Each structure stands twice: as C-alpha cells, then as structure tokens.
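Single-structure report; data block below.
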Amino acid sequence: MAGPERYVLLGKIVGVHGVRGEFKLESYTEPRARIFDYRPWLLRSAAGEVASDGARGREQGKGLVAVLPDIADRDAAMALVGTEIWVPRAALPAPAPGEYYWSDLEGLEVVNLEGVALGRVSHLVATGANDVLVVRDGDRERLVPFVIGDFVTGVDLERQRITVDWDPEF
C-alpha cells in the first residue's frame, strides 16, 4: 500500500513584475530555471493550497520571472507573494549514485559506527563548504557535516538510516 504522496519545496514567489500578472520567483533548483521543468506545482500559502499546471517563465537579470494560467494582472500576482512552490517528489529525476535530495534524508535515523542512536535528521543547512545534517534527539541538537567518506559512512534509504563517524558526546 502506497503512502501519501510526498512533496518537495522548490521555490517561492517573492514579488511582482509588471502589470500583466507576472511575478518574481526565487528558485531552489540548480540551475535555477529548472524549476519550470517540474509539474504540477502545488502553491502553498496562508490561504491554503492550490494545484497549478502550466507555469512558464524566464531568467531576467539575476532572478526569474514567471506567469501562471489564470493570473492576468498585477493584483492577482501580488496576492501570491510569499507563496511556496512544491512539486511531487515523483516528478524529480532520480539522483545520481551517491547523491541525495535533502527531502529524502529528512526524518532518517542517524547512528554512529558503534550503533549509538544520535537522533533523526530534522533538516539540512547549506554552509558553502558543505551541507550539514541537523540531527535532533529530544532537546539535543547535533550538527554533522554531510561529507560522504569523512563523516557520513553510509546512507541506507531502504532502512531509513544514516551511519556517521561521530562521537555521541559531541
């Protein structure tokens, strides 16, 4: 039996552009314009969730400008500012061997080489040098560099477990 469909956050509407319903978009994809390759979008805001298909956009300067069907003027676009853009996880391509989507790592159990449970991955943080696993166990939080081979010795998505070379007291 399949579980509920998982969604991945890919971007956010951050402003409006012009008077014809276009909006500025912050994309979390690499390259940033790839966000337009994934469909359908699930738009989440304080007002609720709305599915949308048919988003089109382009790079403009240092950002992206996009348009959605049924958004025809500046006021309608302005109402979307702050809305998050989510897509079904199944819409994303399979990662290359040894690569992982952050959303696939979140919630996994983290154990060290001795089998000591350190907690679960709450989220990840990009630091520039490398990504960091934020591992929480109750009130305790550990920051473990996500460097495969040095600190991360194994990722087993089937068993929902990450093995790390990490001192449980650190």
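By order of appearance in the structure tokens: chains A, B, ..., then residues from 1 within every chain, and ligands from 1 in the order shown.
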Residues within 12 Å of Trp86 of chain A, only C-alpha atoms, excluding chain neighbours under 2 positions, as a ChimeraX atom specification: /A:5-13,27-29,35-36,38-45,49-53,83-84,88-92,103
Selected residues, C-alpha atoms, written as a PDB file, in the first residue's frame, please.
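Final output, result23.pdb:
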ATOM      1  CA  GLU A   5       2.398  11.489  -1.933  1.00  0.00           C
ATOM      2  CA  ARG A   6       5.470  13.407  -0.784  1.00  0.00           C
ATOM      3  CA  TYR A   7       6.180  16.937  -1.978  1.00  0.00           C
ATOM      4  CA  VAL A   8       9.435  18.871  -2.251  1.00  0.00           C
ATOM      5  CA  LEU A   9       9.816  22.637  -1.803  1.00  0.00           C
ATOM      6  CA  LEU A  10      11.381  24.088  -4.966  1.00  0.00           C
ATOM      7  CA  GLY A  11      10.828  27.817  -4.702  1.00  0.00           C
ATOM      8  CA  LYS A  12       8.906  30.825  -3.526  1.00  0.00           C
ATOM      9  CA  ILE A  13       7.090  33.758  -5.094  1.00  0.00           C
ATOM     10  CA  SER A  27      14.149  29.023  -7.178  1.00  0.00           C
ATOM     11  CA  TYR A  28      15.921  26.409  -5.069  1.00  0.00           C
ATOM     12  CA  THR A  29      16.764  24.247  -8.101  1.00  0.00           C
ATOM     13  CA  ILE A  35      12.016  24.840 -11.641  1.00  0.00           C
ATOM     14  CA  PHE A  36       9.894  25.241 -14.790  1.00  0.00           C
ATOM     15  CA  TYR A  38       8.764  20.127 -12.832  1.00  0.00           C
ATOM     16  CA  ARG A  39       4.985  19.841 -12.716  1.00  0.00           C
ATOM     17  CA  PRO A  40       2.437  20.178 -11.353  1.00  0.00           C
ATOM     18  CA  TRP A  41       3.120  22.942  -8.863  1.00  0.00           C
ATOM     19  CA  LEU A  42       1.356  22.921  -5.525  1.00  0.00           C
ATOM     20  CA  LEU A  43       1.114  26.529  -4.342  1.00  0.00           C
ATOM     21  CA  ARG A  44       1.051  26.745  -0.540  1.00  0.00           C
ATOM     22  CA  SER A  45       0.269  29.922   1.348  1.00  0.00           C
ATOM     23  CA  GLU A  49      -3.093  25.038  -1.213  1.00  0.00           C
ATOM     24  CA  VAL A  50      -3.859  25.232  -4.917  1.00  0.00           C
ATOM     25  CA  ALA A  51      -2.560  22.935  -7.659  1.00  0.00           C
ATOM     26  CA  SER A  52      -1.360  24.665 -10.808  1.00  0.00           C
ATOM     27  CA  ASP A  53      -0.018  23.356 -14.068  1.00  0.00           C
ATOM     28  CA  THR A  83       3.535  31.533  -1.680  1.00  0.00           C
ATOM     29  CA  GLU A  84       5.756  28.448  -1.665  1.00  0.00           C
ATOM     30  CA  PRO A  88       5.563  15.884  -6.109  1.00  0.00           C
ATOM     31  CA  ARG A  89       8.804  14.080  -5.220  1.00  0.00           C
ATOM     32  CA  ALA A  90       7.990  11.622  -8.027  1.00  0.00           C
ATOM     33  CA  ALA A  91       8.292  14.496 -10.564  1.00  0.00           C
ATOM     34  CA  LEU A  92      12.012  14.869  -9.843  1.00  0.00           C
ATOM     35  CA  SER A 103      13.924  15.767   1.381  1.00  0.00           C
TER      36      SER A 103
END
Can you list, as a short mmCIF file (atom, residue, chain, number, x, y, z; two decimals) with N, CA and C atoms, in the first residue's frame, all residues belonging to chain A that DSSP tags as helix (DSSP H, G or I)?
data_model
loop_
_atom_site.label_atom_id
_atom_site.label_comp_id
_atom_site.auth_asym_id
_atom_site.auth_seq_id
_atom_site.Cartn_x
_atom_site.Cartn_y
_atom_site.Cartn_z
N ARG A 32 18.75 27.34 -11.66
CA ARG A 32 17.52 27.90 -11.10
C ARG A 32 16.32 27.83 -12.04
N ALA A 33 16.53 27.93 -13.36
CA ALA A 33 15.41 27.89 -14.30
C ALA A 33 14.82 26.48 -14.44
N ARG A 34 15.47 25.48 -13.89
CA ARG A 34 14.95 24.12 -13.96
C ARG A 34 13.61 23.98 -13.23
N ILE A 35 13.29 24.90 -12.36
CA ILE A 35 12.02 24.84 -11.64
C ILE A 35 10.84 24.73 -12.60
N PHE A 36 11.00 25.28 -13.81
CA PHE A 36 9.89 25.24 -14.79
C PHE A 36 9.75 23.87 -15.44
N ASP A 37 10.71 22.97 -15.22
CA ASP A 37 10.64 21.62 -15.79
C ASP A 37 9.77 20.68 -14.97
N ARG A 74 -1.62 42.49 -12.13
CA ARG A 74 -0.69 42.73 -11.02
C ARG A 74 -1.31 42.39 -9.66
N ASP A 75 -2.58 42.71 -9.46
CA ASP A 75 -3.23 42.45 -8.18
C ASP A 75 -3.28 40.94 -7.89
N ALA A 76 -3.60 40.15 -8.90
CA ALA A 76 -3.64 38.69 -8.71
C ALA A 76 -2.25 38.16 -8.41
N ALA A 77 -1.24 38.70 -9.08
CA ALA A 77 0.14 38.28 -8.81
C ALA A 77 0.57 38.71 -7.41
N MET A 78 0.19 39.89 -7.01
CA MET A 78 0.55 40.41 -5.68
C MET A 78 -0.02 39.51 -4.58
N ARG A 89 7.45 14.65 -5.21
CA ARG A 89 8.80 14.08 -5.22
C ARG A 89 8.99 13.21 -6.45
N ALA A 90 7.93 12.50 -6.87
CA ALA A 90 7.99 11.62 -8.03
C ALA A 90 8.26 12.38 -9.33
N ALA A 91 8.05 13.70 -9.36
CA ALA A 91 8.29 14.50 -10.56
C ALA A 91 9.78 14.79 -10.77
N TRP A 102 17.70 16.46 -0.35
CA TRP A 102 17.58 16.73 1.08
C TRP A 102 16.29 16.14 1.63
N SER A 103 15.22 16.26 0.88
CA SER A 103 13.92 15.77 1.38
C SER A 103 13.95 14.26 1.63
N ASP A 104 14.82 13.53 0.91
CA ASP A 104 14.93 12.09 1.14
C ASP A 104 15.70 11.78 2.42
N LEU A 105 16.52 12.71 2.88
CA LEU A 105 17.32 12.49 4.09
C LEU A 105 16.58 12.93 5.36
#
Among segment 14-155 of chain A, which ones does DSSP place in strand (DSSP E or B), written as a VMD selection string? chain A and resid 14 to 17 22 to 27 41 to 45 48 to 52 56 to 60 63 to 67 84 to 88 109 to 112 117 to 126 131 to 137 140 to 145 148 152 to 155
Segment 131-143 of chain A: which residues within 7 Å, counting only C-alpha atoms, same-chain residues fewer than 3 positions away excluded, as a list in words?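 Here the answer would be Leu118, Gly119, Arg120, Val121, Ser122, His123, Leu124, Val125, Ala126, Thr127 and Phe146 of chain A.
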If you count only C-alpha atoms, which residues fall within 8 Å of segment 154-157 of chain A, apart from same-chain ones fewer than 4 positions away, as a ChimeraX atom specification? /A:104-105,108,148,161-164
Close residues, segment 55-57 of chain A itself excluded, 7 Å, only C-alpha atoms, min 2 positions apart in chain, as a VMD selection string: chain A and resid 36 53 64 to 69
